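Asker: If it helps, the file is called work.pdb and holds PDB, C-alpha atoms and all ligand atoms:
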MODEL        1
ATOM      1  CA  MET A   1       0.000   0.000   0.000  1.00  0.00           C
ATOM      2  CA  THR A   2       1.169   3.523  -0.586  1.00  0.00           C
ATOM      3  CA  GLU A   3       2.153   5.334   2.586  1.00  0.00           C
ATOM      4  CA  ASP A   4       1.131   8.756   1.447  1.00  0.00           C
ATOM      5  CA  ALA A   5      -2.208   8.237  -0.262  1.00  0.00           C
ATOM      6  CA  LEU A   6      -5.414   9.374   1.331  1.00  0.00           C
ATOM      7  CA  PHE A   7      -7.045   6.263  -0.031  1.00  0.00           C
ATOM      8  CA  PRO A   8      -4.290   3.645  -0.001  1.00  0.00           C
ATOM      9  CA  VAL A   9      -3.907   1.715  -3.230  1.00  0.00           C
ATOM     10  CA  GLU A  10      -3.169  -1.996  -3.160  1.00  0.00           C
ATOM     11  CA  ARG A  11       0.042  -2.858  -4.953  1.00  0.00           C
ATOM     12  CA  ARG A  12      -0.814  -6.343  -6.079  1.00  0.00           C
ATOM     13  CA  ARG A  13      -0.747  -8.268  -9.334  1.00  0.00           C
ATOM     14  CA  GLN A  14      -3.601  -6.927 -11.377  1.00  0.00           C
ATOM     15  CA  GLU A  15      -5.060  -7.917 -14.735  1.00  0.00           C
ATOM     16  CA  VAL A  16      -6.025  -4.499 -16.046  1.00  0.00           C
ATOM     17  CA  ALA A  17      -7.661  -5.937 -19.186  1.00  0.00           C
ATOM     18  CA  PRO A  18      -7.635  -9.452 -20.656  1.00  0.00           C
ATOM     19  CA  GLY A  19      -3.949 -10.215 -21.328  1.00  0.00           C
ATOM     20  CA  ALA A  20      -2.713  -6.958 -19.742  1.00  0.00           C
ATOM     21  CA  VAL A  21      -0.997  -7.725 -16.449  1.00  0.00           C
ATOM     22  CA  HIS A  22       0.636  -5.348 -13.952  1.00  0.00           C
ATOM     23  CA  LEU A  23       3.193  -6.918 -11.592  1.00  0.00           C
ATOM     24  CA  PRO A  24       4.311  -4.239  -9.107  1.00  0.00           C
ATOM     25  CA  GLY A  25       7.887  -4.354  -7.811  1.00  0.00           C
ATOM     26  CA  TRP A  26       8.973  -7.128 -10.157  1.00  0.00           C
ATOM     27  CA  LEU A  27      12.579  -5.981 -10.619  1.00  0.00           C
ATOM     28  CA  PRO A  28      14.715  -6.119  -7.465  1.00  0.00           C
ATOM     29  CA  ALA A  29      17.026  -3.166  -6.709  1.00  0.00           C
ATOM     30  CA  GLU A  30      20.157  -4.885  -8.001  1.00  0.00           C
ATOM     31  CA  ARG A  31      18.514  -5.629 -11.357  1.00  0.00           C
ATOM     32  CA  ARG A  32      17.167  -2.074 -11.549  1.00  0.00           C
ATOM     33  CA  ARG A  33      20.660  -0.726 -10.978  1.00  0.00           C
ATOM     34  CA  GLU A  34      22.085  -2.988 -13.678  1.00  0.00           C
ATOM     35  CA  LEU A  35      19.418  -1.974 -16.134  1.00  0.00           C
ATOM     36  CA  VAL A  36      19.978   1.747 -15.469  1.00  0.00           C
ATOM     37  CA  GLU A  37      23.710   1.232 -16.084  1.00  0.00           C
ATOM     38  CA  ALA A  38      23.006  -0.625 -19.317  1.00  0.00           C
ATOM     39  CA  CYS A  39      20.610   2.113 -20.456  1.00  0.00           C
ATOM     40  CA  ARG A  40      23.245   4.785 -19.785  1.00  0.00           C
ATOM     41  CA  SER A  41      25.628   2.838 -21.976  1.00  0.00           C
ATOM     42  CA  TRP A  42      23.092   2.362 -24.791  1.00  0.00           C
ATOM     43  CA  ALA A  43      22.165   6.052 -24.608  1.00  0.00           C
ATOM     44  CA  ARG A  44      25.757   6.965 -25.554  1.00  0.00           C
ATOM     45  CA  GLY A  45      25.735   5.048 -28.813  1.00  0.00           C
ATOM     46  CA  PRO A  46      26.414   3.797 -31.415  1.00  0.00           C
ATOM     47  CA  VAL A  47      23.066   5.504 -31.926  1.00  0.00           C
ATOM     48  CA  PRO A  48      22.648   8.231 -29.290  1.00  0.00           C
ATOM     49  CA  MET A  49      19.418   8.652 -27.406  1.00  0.00           C
ATOM     50  CA  ARG A  50      17.346  11.335 -29.130  1.00  0.00           C
ATOM     51  CA  HIS A  51      13.963  13.041 -29.304  1.00  0.00           C
ATOM     52  CA  THR A  52      12.203  11.312 -32.193  1.00  0.00           C
ATOM     53  CA  VAL A  53      10.886  13.624 -34.904  1.00  0.00           C
ATOM     54  CA  LEU A  54       7.445  12.671 -36.195  1.00  0.00           C
ATOM     55  CA  PRO A  55       6.443  12.846 -39.878  1.00  0.00           C
ATOM     56  CA  ASN A  56       4.252  15.894 -39.113  1.00  0.00           C
ATOM     57  CA  GLY A  57       7.301  17.730 -37.755  1.00  0.00           C
ATOM     58  CA  GLY A  58       6.354  17.244 -34.125  1.00  0.00           C
ATOM     59  CA  VAL A  59       9.122  16.304 -31.729  1.00  0.00           C
ATOM     60  CA  MET A  60       8.502  13.704 -29.036  1.00  0.00           C
ATOM     61  CA  SER A  61       9.148  14.915 -25.486  1.00  0.00           C
ATOM     62  CA  VAL A  62      10.432  11.463 -24.622  1.00  0.00           C
ATOM     63  CA  GLN A  63      14.007  10.540 -25.607  1.00  0.00           C
ATOM     64  CA  THR A  64      14.540   7.118 -27.137  1.00  0.00           C
ATOM     65  CA  VAL A  65      17.262   4.683 -28.095  1.00  0.00           C
ATOM     66  CA  CYS A  66      16.624   1.247 -29.592  1.00  0.00           C
ATOM     67  CA  LEU A  67      18.251  -2.172 -29.492  1.00  0.00           C
ATOM     68  CA  GLY A  68      18.122  -4.929 -32.095  1.00  0.00           C
ATOM     69  CA  TRP A  69      15.970  -2.941 -34.488  1.00  0.00           C
ATOM     70  CA  HIS A  70      15.753   0.838 -34.721  1.00  0.00           C
ATOM     71  CA  TRP A  71      12.231   2.197 -34.527  1.00  0.00           C
ATOM     72  CA  GLN A  72      11.358   5.390 -36.286  1.00  0.00           C
ATOM     73  CA  PRO A  73       7.835   6.470 -37.048  1.00  0.00           C
ATOM     74  CA  TYR A  74       6.517   4.162 -38.321  1.00  0.00           C
ATOM     75  CA  ARG A  75       8.854   1.319 -39.187  1.00  0.00           C
ATOM     76  CA  TYR A  76      11.828  -0.720 -38.014  1.00  0.00           C
ATOM     77  CA  SER A  77      15.248  -0.785 -39.648  1.00  0.00           C
ATOM     78  CA  ARG A  78      18.728  -2.031 -38.727  1.00  0.00           C
ATOM     79  CA  THR A  79      20.268   1.421 -39.095  1.00  0.00           C
ATOM     80  CA  ALA A  80      19.179   4.669 -37.458  1.00  0.00           C
ATOM     81  CA  ASP A  81      18.528   6.578 -40.659  1.00  0.00           C
ATOM     82  CA  ASP A  82      16.736   9.409 -38.849  1.00  0.00           C
ATOM     83  CA  VAL A  83      19.600   9.882 -36.333  1.00  0.00           C
ATOM     84  CA  ASN A  84      23.170   9.222 -37.475  1.00  0.00           C
ATOM     85  CA  GLY A  85      22.829   6.297 -39.864  1.00  0.00           C
ATOM     86  CA  ALA A  86      24.698   3.966 -37.488  1.00  0.00           C
ATOM     87  CA  PRO A  87      23.769   0.304 -37.061  1.00  0.00           C
ATOM     88  CA  VAL A  88      21.573  -0.181 -34.028  1.00  0.00           C
ATOM     89  CA  ALA A  89      23.125  -1.806 -30.926  1.00  0.00           C
ATOM     90  CA  ALA A  90      22.508  -5.509 -30.533  1.00  0.00           C
ATOM     91  CA  PHE A  91      19.675  -6.812 -28.423  1.00  0.00           C
ATOM     92  CA  PRO A  92      21.437  -8.798 -25.695  1.00  0.00           C
ATOM     93  CA  GLU A  93      20.557 -12.370 -24.784  1.00  0.00           C
ATOM     94  CA  TRP A  94      20.274 -11.511 -21.066  1.00  0.00           C
ATOM     95  CA  LEU A  95      17.492  -9.051 -21.855  1.00  0.00           C
ATOM     96  CA  ALA A  96      15.656 -11.720 -23.868  1.00  0.00           C
ATOM     97  CA  GLU A  97      15.907 -13.961 -20.776  1.00  0.00           C
ATOM     98  CA  TRP A  98      14.422 -11.220 -18.614  1.00  0.00           C
ATOM     99  CA  GLY A  99      11.632 -10.944 -21.167  1.00  0.00           C
ATOM    100  CA  ARG A 100      10.889 -14.668 -20.991  1.00  0.00           C
ATOM    101  CA  ALA A 101      10.859 -14.525 -17.196  1.00  0.00           C
ATOM    102  CA  ALA A 102       8.483 -11.555 -17.366  1.00  0.00           C
ATOM    103  CA  VAL A 103       6.051 -13.325 -19.698  1.00  0.00           C
ATOM    104  CA  ALA A 104       6.215 -16.486 -17.588  1.00  0.00           C
ATOM    105  CA  ASP A 105       5.432 -14.515 -14.432  1.00  0.00           C
ATOM    106  CA  ALA A 106       2.608 -12.647 -16.120  1.00  0.00           C
ATOM    107  CA  TYR A 107       0.941 -15.582 -17.859  1.00  0.00           C
ATOM    108  CA  GLY A 108       2.353 -18.708 -16.166  1.00  0.00           C
ATOM    109  CA  ASP A 109       4.253 -19.757 -19.297  1.00  0.00           C
ATOM    110  CA  ASP A 110       6.821 -17.907 -21.406  1.00  0.00           C
ATOM    111  CA  GLY A 111       5.211 -19.150 -24.625  1.00  0.00           C
ATOM    112  CA  GLY A 112       8.628 -19.289 -26.311  1.00  0.00           C
ATOM    113  CA  TYR A 113       8.899 -15.504 -26.143  1.00  0.00           C
ATOM    114  CA  ALA A 114      11.834 -14.319 -28.282  1.00  0.00           C
ATOM    115  CA  PRO A 115      12.018 -10.509 -28.234  1.00  0.00           C
ATOM    116  CA  ASP A 116      14.388  -9.040 -30.812  1.00  0.00           C
ATOM    117  CA  THR A 117      13.944  -5.320 -30.173  1.00  0.00           C
ATOM    118  CA  ALA A 118      13.759  -2.949 -27.226  1.00  0.00           C
ATOM    119  CA  LEU A 119      12.767   0.697 -27.086  1.00  0.00           C
ATOM    120  CA  VAL A 120      14.468   2.484 -24.216  1.00  0.00           C
ATOM    121  CA  ASN A 121      12.551   5.650 -23.365  1.00  0.00           C
ATOM    122  CA  PHE A 122      13.669   8.379 -20.995  1.00  0.00           C
ATOM    123  CA  TYR A 123      11.085  10.790 -19.589  1.00  0.00           C
ATOM    124  CA  GLY A 124      12.252  14.064 -18.093  1.00  0.00           C
ATOM    125  CA  GLY A 125       9.711  15.574 -15.719  1.00  0.00           C
ATOM    126  CA  ALA A 126       7.635  17.240 -18.412  1.00  0.00           C
ATOM    127  CA  ALA A 127       7.724  14.369 -20.893  1.00  0.00           C
ATOM    128  CA  ARG A 128       4.666  12.392 -21.758  1.00  0.00           C
ATOM    129  CA  MET A 129       3.497   9.990 -24.443  1.00  0.00           C
ATOM    130  CA  GLY A 130       0.210  10.289 -26.261  1.00  0.00           C
ATOM    131  CA  MET A 131      -2.198   7.401 -26.729  1.00  0.00           C
ATOM    132  CA  HIS A 132      -0.952   5.050 -29.441  1.00  0.00           C
ATOM    133  CA  GLN A 133      -0.815   1.402 -30.468  1.00  0.00           C
ATOM    134  CA  ASP A 134       2.434  -0.554 -30.780  1.00  0.00           C
ATOM    135  CA  LYS A 135       1.661  -1.873 -34.234  1.00  0.00           C
ATOM    136  CA  GLU A 136       4.814  -1.741 -36.340  1.00  0.00           C
ATOM    137  CA  GLU A 137       5.567  -5.320 -35.259  1.00  0.00           C
ATOM    138  CA  ARG A 138       4.492  -8.185 -37.505  1.00  0.00           C
ATOM    139  CA  SER A 139       3.939 -10.376 -34.501  1.00  0.00           C
ATOM    140  CA  SER A 140       1.227 -10.615 -31.907  1.00  0.00           C
ATOM    141  CA  ALA A 141       3.695 -11.693 -29.199  1.00  0.00           C
ATOM    142  CA  PRO A 142       3.300  -9.644 -26.008  1.00  0.00           C
ATOM    143  CA  VAL A 143       5.016  -6.370 -25.201  1.00  0.00           C
ATOM    144  CA  VAL A 144       7.011  -6.478 -21.957  1.00  0.00           C
ATOM    145  CA  SER A 145       7.377  -3.096 -20.240  1.00  0.00           C
ATOM    146  CA  LEU A 146       9.813  -2.355 -17.393  1.00  0.00           C
ATOM    147  CA  SER A 147       9.811   0.956 -15.544  1.00  0.00           C
ATOM    148  CA  ILE A 148      12.556   2.505 -13.402  1.00  0.00           C
ATOM    149  CA  GLY A 149      12.885   5.864 -11.650  1.00  0.00           C
ATOM    150  CA  ASP A 150      10.029   8.330 -11.309  1.00  0.00           C
ATOM    151  CA  ALA A 151       6.585   6.800 -11.150  1.00  0.00           C
ATOM    152  CA  CYS A 152       4.061   7.676 -13.845  1.00  0.00           C
ATOM    153  CA  VAL A 153       0.429   7.432 -14.770  1.00  0.00           C
ATOM    154  CA  PHE A 154       0.194   4.747 -17.446  1.00  0.00           C
ATOM    155  CA  ARG A 155      -3.085   4.845 -19.332  1.00  0.00           C
ATOM    156  CA  PHE A 156      -4.162   1.503 -20.737  1.00  0.00           C
ATOM    157  CA  GLY A 157      -7.104   1.637 -23.085  1.00  0.00           C
ATOM    158  CA  ASN A 158      -8.898  -0.452 -25.671  1.00  0.00           C
ATOM    159  CA  THR A 159      -8.123  -1.680 -29.176  1.00  0.00           C
ATOM    160  CA  GLU A 160     -10.715   0.519 -30.909  1.00  0.00           C
ATOM    161  CA  THR A 161     -10.170   4.140 -29.966  1.00  0.00           C
ATOM    162  CA  ARG A 162      -7.720   6.470 -28.236  1.00  0.00           C
ATOM    163  CA  GLY A 163     -10.425   7.374 -25.766  1.00  0.00           C
ATOM    164  CA  ARG A 164     -12.460   5.639 -23.127  1.00  0.00           C
ATOM    165  CA  PRO A 165     -12.738   3.052 -21.791  1.00  0.00           C
ATOM    166  CA  TYR A 166      -9.269   3.091 -20.274  1.00  0.00           C
ATOM    167  CA  THR A 167      -7.677   2.356 -16.935  1.00  0.00           C
ATOM    168  CA  ASP A 168      -5.029   4.539 -15.309  1.00  0.00           C
ATOM    169  CA  VAL A 169      -2.338   2.531 -13.560  1.00  0.00           C
ATOM    170  CA  GLU A 170       0.494   3.971 -11.504  1.00  0.00           C
ATOM    171  CA  LEU A 171       3.741   2.413 -12.696  1.00  0.00           C
ATOM    172  CA  ARG A 172       6.548   2.726 -10.160  1.00  0.00           C
ATOM    173  CA  SER A 173      10.208   1.863 -10.215  1.00  0.00           C
ATOM    174  CA  GLY A 174      10.644  -1.879 -10.725  1.00  0.00           C
ATOM    175  CA  ASP A 175       7.119  -2.491 -12.008  1.00  0.00           C
ATOM    176  CA  LEU A 176       6.451  -4.870 -14.862  1.00  0.00           C
ATOM    177  CA  PHE A 177       3.540  -4.493 -17.248  1.00  0.00           C
ATOM    178  CA  VAL A 178       2.895  -7.107 -19.936  1.00  0.00           C
ATOM    179  CA  PHE A 179       0.294  -6.670 -22.642  1.00  0.00           C
ATOM    180  CA  GLY A 180      -0.510  -9.440 -25.057  1.00  0.00           C
ATOM    181  CA  GLY A 181      -3.364 -11.601 -26.270  1.00  0.00           C
ATOM    182  CA  PRO A 182      -6.558  -9.576 -26.712  1.00  0.00           C
ATOM    183  CA  SER A 183      -4.770  -6.480 -25.332  1.00  0.00           C
ATOM    184  CA  ARG A 184      -1.697  -6.623 -27.553  1.00  0.00           C
ATOM    185  CA  PHE A 185      -2.894  -3.850 -29.851  1.00  0.00           C
ATOM    186  CA  ALA A 186      -4.660  -1.730 -27.235  1.00  0.00           C
ATOM    187  CA  TYR A 187      -4.035   2.017 -27.180  1.00  0.00           C
ATOM    188  CA  HIS A 188      -1.850   3.171 -24.301  1.00  0.00           C
ATOM    189  CA  GLY A 189       0.119   6.217 -23.224  1.00  0.00           C
ATOM    190  CA  VAL A 190       1.784   8.105 -20.403  1.00  0.00           C
ATOM    191  CA  PRO A 191      -0.149  11.291 -19.562  1.00  0.00           C
ATOM    192  CA  LYS A 192       2.001  12.187 -16.578  1.00  0.00           C
ATOM    193  CA  VAL A 193       5.300  11.530 -14.831  1.00  0.00           C
ATOM    194  CA  LEU A 194       5.166  11.924 -11.054  1.00  0.00           C
ATOM    195  CA  THR A 195       8.297  13.984 -10.521  1.00  0.00           C
ATOM    196  CA  GLY A 196      10.123  13.678  -7.246  1.00  0.00           C
ATOM    197  CA  THR A 197       9.381   9.964  -6.889  1.00  0.00           C
ATOM    198  CA  GLY A 198      12.730   8.750  -8.318  1.00  0.00           C
ATOM    199  CA  ASP A 199      14.697   5.678  -7.317  1.00  0.00           C
ATOM    200  CA  PRO A 200      18.103   6.527  -5.798  1.00  0.00           C
ATOM    201  CA  ALA A 201      18.633   2.808  -5.014  1.00  0.00           C
ATOM    202  CA  ALA A 202      18.620   2.172  -8.769  1.00  0.00           C
ATOM    203  CA  GLY A 203      20.879   5.147  -9.466  1.00  0.00           C
ATOM    204  CA  LEU A 204      18.058   7.163 -11.034  1.00  0.00           C
ATOM    205  CA  ASP A 205      17.160  10.074  -8.753  1.00  0.00           C
ATOM    206  CA  SER A 206      14.983  11.853 -11.267  1.00  0.00           C
ATOM    207  CA  GLY A 207      13.329  11.090 -14.565  1.00  0.00           C
ATOM    208  CA  ARG A 208      11.785   7.852 -15.697  1.00  0.00           C
ATOM    209  CA  LEU A 209      13.163   5.025 -17.796  1.00  0.00           C
ATOM    210  CA  ASN A 210      10.841   2.658 -19.588  1.00  0.00           C
ATOM    211  CA  ILE A 211      12.086  -0.307 -21.572  1.00  0.00           C
ATOM    212  CA  THR A 212       9.664  -2.182 -23.814  1.00  0.00           C
ATOM    213  CA  LEU A 213      10.650  -5.529 -25.305  1.00  0.00           C
ATOM    214  CA  ARG A 214       8.927  -6.721 -28.446  1.00  0.00           C
ATOM    215  CA  GLU A 215       9.083  -9.355 -31.148  1.00  0.00           C
ATOM    216  CA  THR A 216       9.240  -7.547 -34.480  1.00  0.00           C
ATOM    217  CA  GLY A 217       8.408 -10.636 -36.525  1.00  0.00           C
ATOM    218  CA  LEU A 218      10.881  -9.335 -39.113  1.00  0.00           C
ATOM    219  CA  GLY A 219      13.349 -12.226 -38.836  1.00  0.00           C
ATOM    220  CA  GLY A 220      17.117 -12.100 -38.833  1.00  0.00           C
ATOM    221  CA  GLY A 221      17.748 -12.377 -35.112  1.00  0.00           C
ATOM    222  CA  ARG A 222      18.545  -9.859 -32.433  1.00  0.00           C
ATOM    223  CA  GLY A 223      20.868  -7.607 -34.407  1.00  0.00           C
ATOM    224  CA  PRO A 224      24.534  -6.884 -34.968  1.00  0.00           C
ATOM    225  CA  ALA A 225      25.926  -9.255 -32.310  1.00  0.00           C
ATOM    226  CA  GLN A 226      24.590 -12.099 -34.463  1.00  0.00           C
ATOM    227  CA  THR A 227      26.839 -11.004 -37.264  1.00  0.00           C
ATOM    228  CA  GLY A 228      30.010 -10.401 -35.311  1.00  0.00           C
ATOM    229  CA  ALA A 229      29.731  -6.894 -33.843  1.00  0.00           C
ATOM    230  CA  THR A 230      30.417  -6.520 -30.139  1.00  0.00           C
ATOM    231  CA  ALA A 231      27.709  -6.009 -27.548  1.00  0.00           C
ATOM    232  CA  PRO A 232      27.498  -2.609 -25.865  1.00  0.00           C
ATOM    233  CA  THR A 233      29.742  -2.237 -22.863  1.00  0.00           C
ATOM    234  CA  GLY A 234      28.144  -1.964 -19.468  1.00  0.00           C
ATOM    235  CA  ALA A 235      25.709  -4.828 -20.064  1.00  0.00           C
ATOM    236  CA  PRO A 236      25.133  -6.334 -16.652  1.00  0.00           C
ATOM    237  CA  GLN A 237      26.097  -9.813 -15.632  1.00  0.00           C
ATOM    238  CA  ARG A 238      22.955 -11.529 -14.570  1.00  0.00           C
ATOM    239  CA  SER A 239      23.232 -13.625 -11.428  1.00  0.00           C
ATOM    240  CA  ARG A 240      22.372 -17.239 -12.039  1.00  0.00           C
ATOM    241  CA  GLU A 241      19.580 -17.372  -9.471  1.00  0.00           C
ATOM    242  CA  TRP A 242      17.642 -14.653 -11.214  1.00  0.00           C
ATOM    243  CA  PRO A 243      15.101 -14.137 -12.675  1.00  0.00           C
ATOM    244  CA  LYS A 244      12.573 -15.946 -10.618  1.00  0.00           C
ATOM    245  CA  SER A 245       9.037 -15.110  -9.708  1.00  0.00           C
ATOM    246  CA  THR A 246       8.607 -12.392  -7.115  1.00  0.00           C
ATOM    247  CA  ARG A 247       4.894 -12.912  -6.740  1.00  0.00           C
TER     248      ARG A 247
HETATM  249  O1  LIG A 301       6.675   4.558 -21.109  1.00  0.00           O
HETATM  250  C1  LIG A 301       5.810   3.693 -21.113  1.00  0.00           C
HETATM  251  O2  LIG A 301       5.390   3.157 -20.074  1.00  0.00           O
HETATM  252  C2  LIG A 301       5.181   3.271 -22.425  1.00  0.00           C
HETATM  253  C3  LIG A 301       6.100   3.369 -23.591  1.00  0.00           C
HETATM  254  C4  LIG A 301       5.441   3.013 -24.869  1.00  0.00           C
HETATM  255  O3  LIG A 301       4.254   2.893 -24.941  1.00  0.00           O
HETATM  256  C5  LIG A 301       6.231   2.788 -26.082  1.00  0.00           C
HETATM  257  O4  LIG A 301       7.462   2.934 -26.062  1.00  0.00           O
HETATM  258  O5  LIG A 301       5.640   2.439 -27.103  1.00  0.00           O
HETATM  259 FE    FE A 302       3.713   1.888 -26.768  1.00  0.00          FE
ENDMDL
END
Before anything else, please render the file you have as structure tokens.

Answerer:
Amino acid sequence: MTEDALFPVERRRQEVAPGAVHLPGWLPAERRRELVEACRSWARGPVPMRHTVLPNGGVMSVQTVCLGWHWQPYRYSRTADDVNGAPVAAFPEWLAEWGRAAVADAYGDDGGYAPDTALVNFYGGAARMGMHQDKEERSSAPVVSLSIGDACVFRFGNTETRGRPYTDVELRSGDLFVFGGPSRFAYHGVPKVLTGTGDPAAGLDSGRLNITLRETGLGGGRGPAQTGATAPTGAPQRSREWPKSTR
């Protein structure tokens, strides 16, 4: 339960919509720290983290860097043609293992989950993300979302419209949210970051990191590491005991 809320909110596993599961506090502090370190490394390059420019000229308030496949509105490619043209960093095997553990904890079975791309988003205090569908993937495998740092309001809607019905969920540091099955193509967004709620234990005092893992369905594996390039430095060593269910 939250300590500060007038009406305390239960922080329990919750199925927000069919196939959309929120697992609060899924990532332990050590794993959060490792992931923050890895994100700092990915943010430096080979493709630097940047504010994505939309086809209508709008600039996203969120900053993004990708692994495995580079996402730009509205397609995936192996090179960051809208940034510096560099090949995207590889999607590491340890992150795929975290993804399988996440799906298994959400649904009871990992279903052979094989994510080959990740979008790493950084939200400064004023950043937000409008309601959208993740639909550039040619796969209906679930999206695995990990949040670290400042909490946020995550709005999870329906597959038909940007508007109601939707459910607002508070995602805090370490929370896992998985959306698949009938919810895989539901609209979702982040209307608000709750500044001042950061996670010093994870090394992220302010701002919010969100990492979504996806299967692109495009084939060709997890990216450059498959073809000989080196993995980004700073990738954490996962302890052998982890991941396991924290439910
Ligand atoms: O930041 C989040 O929680 C959601 C991010 C998201 O929807 C996306 O990257 O497509
Ligand atoms: Fe999304």

Asker: So which residues are near ligand LIG 301 (chain A), meaning at most 8 Å away with only C-alpha atoms and all ligand atoms counted, given back as a ChimeraX atom specification?

Answerer: /A:119-123,129,132-134,145-147,152,154,171,188-190,209-212

Asker: Using the chain letters and numbers from the file, give me the residues hit by the PyMOL selection byres (((chain A and resi 18) around 12) and not hetatm), as JSON, numbers by chain.

Answerer: {"A": [14, 15, 16, 17, 19, 20, 21, 22, 106, 107, 156, 157, 158, 159, 178, 179, 180, 181, 182, 183, 184, 185, 186]}

Asker: Next, the residues of the selection above should be written as a short mmCIF file (atom, residue, chain, number, x, y, z; two decimals), in the coordinates of the input with C-alpha atoms.

Answerer:
data_model
loop_
_atom_site.label_atom_id
_atom_site.label_comp_id
_atom_site.auth_asym_id
_atom_site.auth_seq_id
_atom_site.Cartn_x
_atom_site.Cartn_y
_atom_site.Cartn_z
CA GLN A 14 -3.60 -6.93 -11.38
CA GLU A 15 -5.06 -7.92 -14.74
CA VAL A 16 -6.02 -4.50 -16.05
CA ALA A 17 -7.66 -5.94 -19.19
CA GLY A 19 -3.95 -10.22 -21.33
CA ALA A 20 -2.71 -6.96 -19.74
CA VAL A 21 -1.00 -7.72 -16.45
CA HIS A 22 0.64 -5.35 -13.95
CA ALA A 106 2.61 -12.65 -16.12
CA TYR A 107 0.94 -15.58 -17.86
CA PHE A 156 -4.16 1.50 -20.74
CA GLY A 157 -7.10 1.64 -23.08
CA ASN A 158 -8.90 -0.45 -25.67
CA THR A 159 -8.12 -1.68 -29.18
CA VAL A 178 2.90 -7.11 -19.94
CA PHE A 179 0.29 -6.67 -22.64
CA GLY A 180 -0.51 -9.44 -25.06
CA GLY A 181 -3.36 -11.60 -26.27
CA PRO A 182 -6.56 -9.58 -26.71
CA SER A 183 -4.77 -6.48 -25.33
CA ARG A 184 -1.70 -6.62 -27.55
CA PHE A 185 -2.89 -3.85 -29.85
CA ALA A 186 -4.66 -1.73 -27.24
#

Asker: Find, counting all atoms listed in the file, the residue in A:Arg32, A:Lys135, A:Arg164, A:Lys192 that gets nearest to ligand FE 302 (chain A).

Answerer: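 Nearest to ligand FE 302 (chain A): A:Lys135.
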
Asker: When you count only C-alpha atoms and all ligand atoms, which of these residues is closest to ligand FE 302 (chain A): A:Pro92, A:Asp81, A:Gly163, A:Pro73?

Answerer: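 Counting only C-alpha atoms and all ligand atoms, the residue closest to ligand FE 302 (chain A) is A:Pro73.
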
Asker: Quick one: which residues end up in the PyMOL selection byres (((chain A and resi 34-38) around 12) and not hetatm) for this structure, as a PyMOL selection string?

Answerer: chain A and resi 27-33+39-45+65+67+89+91-92+94-95+98+120-122+146-149+173-174+199-205+207-211+231-239

Asker: Would you kindly return, as an NGL selection string, each protein, DNA or RNA residue with an atom no farther than 9 Å from any atom of Ser61 of chain A, considering only C-alpha atoms and excluding same-chain residues fewer than 6 positions away?

Answerer: :A and (51-52 or 123-124 or 126-129)

Asker: Calculated over all atoms listed in the file, which of the candidates A:Arg78, A:Arg214, A:His70, A:Arg12 has the smallest distance to ligand FE 302 (chain A)?

Answerer: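 Answer, going by the shortest atom-to-atom distance: A:Arg214.
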
Asker: Which residue out of A:Asp110, A:Asp175, A:Glu137, A:Glu93 has the minimum interatomic distance to Trp69 of chain A when all atoms listed in the file are used?

Answerer: A:Glu137

Asker: Just give me the gap between atom CA of Arg100 of chain A and atom CA of Phe177 of chain A in Å, one decimal is fine.

Answerer: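 That distance, rounded to one decimal, is 13.1 Å.
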
Asker: Excluding Trp71 of chain A and any residue of its chain fewer than 5 positions from it, enumerate the residues within 8 Å of it, using all atoms listed in the file, and give them as an MDAnalysis selection string.

Answerer: chainID A and resid 66 76:77 80 119

Asker: Start from the incomplete input, build N, CA and C atoms for segment 62-71 of chain A, and deliver everything as a PDB file, in the coordinates of the input.

Answerer:
ATOM      1  N   VAL A  62       9.656  12.600 -25.120  1.00  0.00           N
ATOM      2  CA  VAL A  62      10.432  11.463 -24.622  1.00  0.00           C
ATOM      3  C   VAL A  62      11.704  11.317 -25.465  1.00  0.00           C
ATOM      4  N   GLN A  63      12.792  10.879 -24.843  1.00  0.00           N
ATOM      5  CA  GLN A  63      14.007  10.540 -25.607  1.00  0.00           C
ATOM      6  C   GLN A  63      14.104   9.026 -25.716  1.00  0.00           C
ATOM      7  N   THR A  64      14.576   8.558 -26.853  1.00  0.00           N
ATOM      8  CA  THR A  64      14.540   7.118 -27.137  1.00  0.00           C
ATOM      9  C   THR A  64      15.838   6.627 -27.761  1.00  0.00           C
ATOM     10  N   VAL A  65      16.224   5.412 -27.376  1.00  0.00           N
ATOM     11  CA  VAL A  65      17.262   4.683 -28.095  1.00  0.00           C
ATOM     12  C   VAL A  65      16.784   3.235 -28.218  1.00  0.00           C
ATOM     13  N   CYS A  66      17.165   2.581 -29.303  1.00  0.00           N
ATOM     14  CA  CYS A  66      16.624   1.247 -29.592  1.00  0.00           C
ATOM     15  C   CYS A  66      17.730   0.199 -29.623  1.00  0.00           C
ATOM     16  N   LEU A  67      17.347  -1.025 -29.393  1.00  0.00           N
ATOM     17  CA  LEU A  67      18.251  -2.172 -29.492  1.00  0.00           C
ATOM     18  C   LEU A  67      17.682  -3.172 -30.482  1.00  0.00           C
ATOM     19  N   GLY A  68      18.555  -3.856 -31.190  1.00  0.00           N
ATOM     20  CA  GLY A  68      18.122  -4.929 -32.095  1.00  0.00           C
ATOM     21  C   GLY A  68      17.586  -4.402 -33.422  1.00  0.00           C
ATOM     22  N   TRP A  69      16.541  -3.635 -33.338  1.00  0.00           N
ATOM     23  CA  TRP A  69      15.970  -2.941 -34.488  1.00  0.00           C
ATOM     24  C   TRP A  69      15.747  -1.498 -34.080  1.00  0.00           C
ATOM     25  N   HIS A  70      15.996  -0.576 -34.991  1.00  0.00           N
ATOM     26  CA  HIS A  70      15.753   0.838 -34.721  1.00  0.00           C
ATOM     27  C   HIS A  70      14.331   1.185 -35.139  1.00  0.00           C
ATOM     28  N   TRP A  71      13.590   1.759 -34.193  1.00  0.00           N
ATOM     29  CA  TRP A  71      12.231   2.197 -34.527  1.00  0.00           C
ATOM     30  C   TRP A  71      12.247   3.680 -34.870  1.00  0.00           C
TER      31      TRP A  71
END
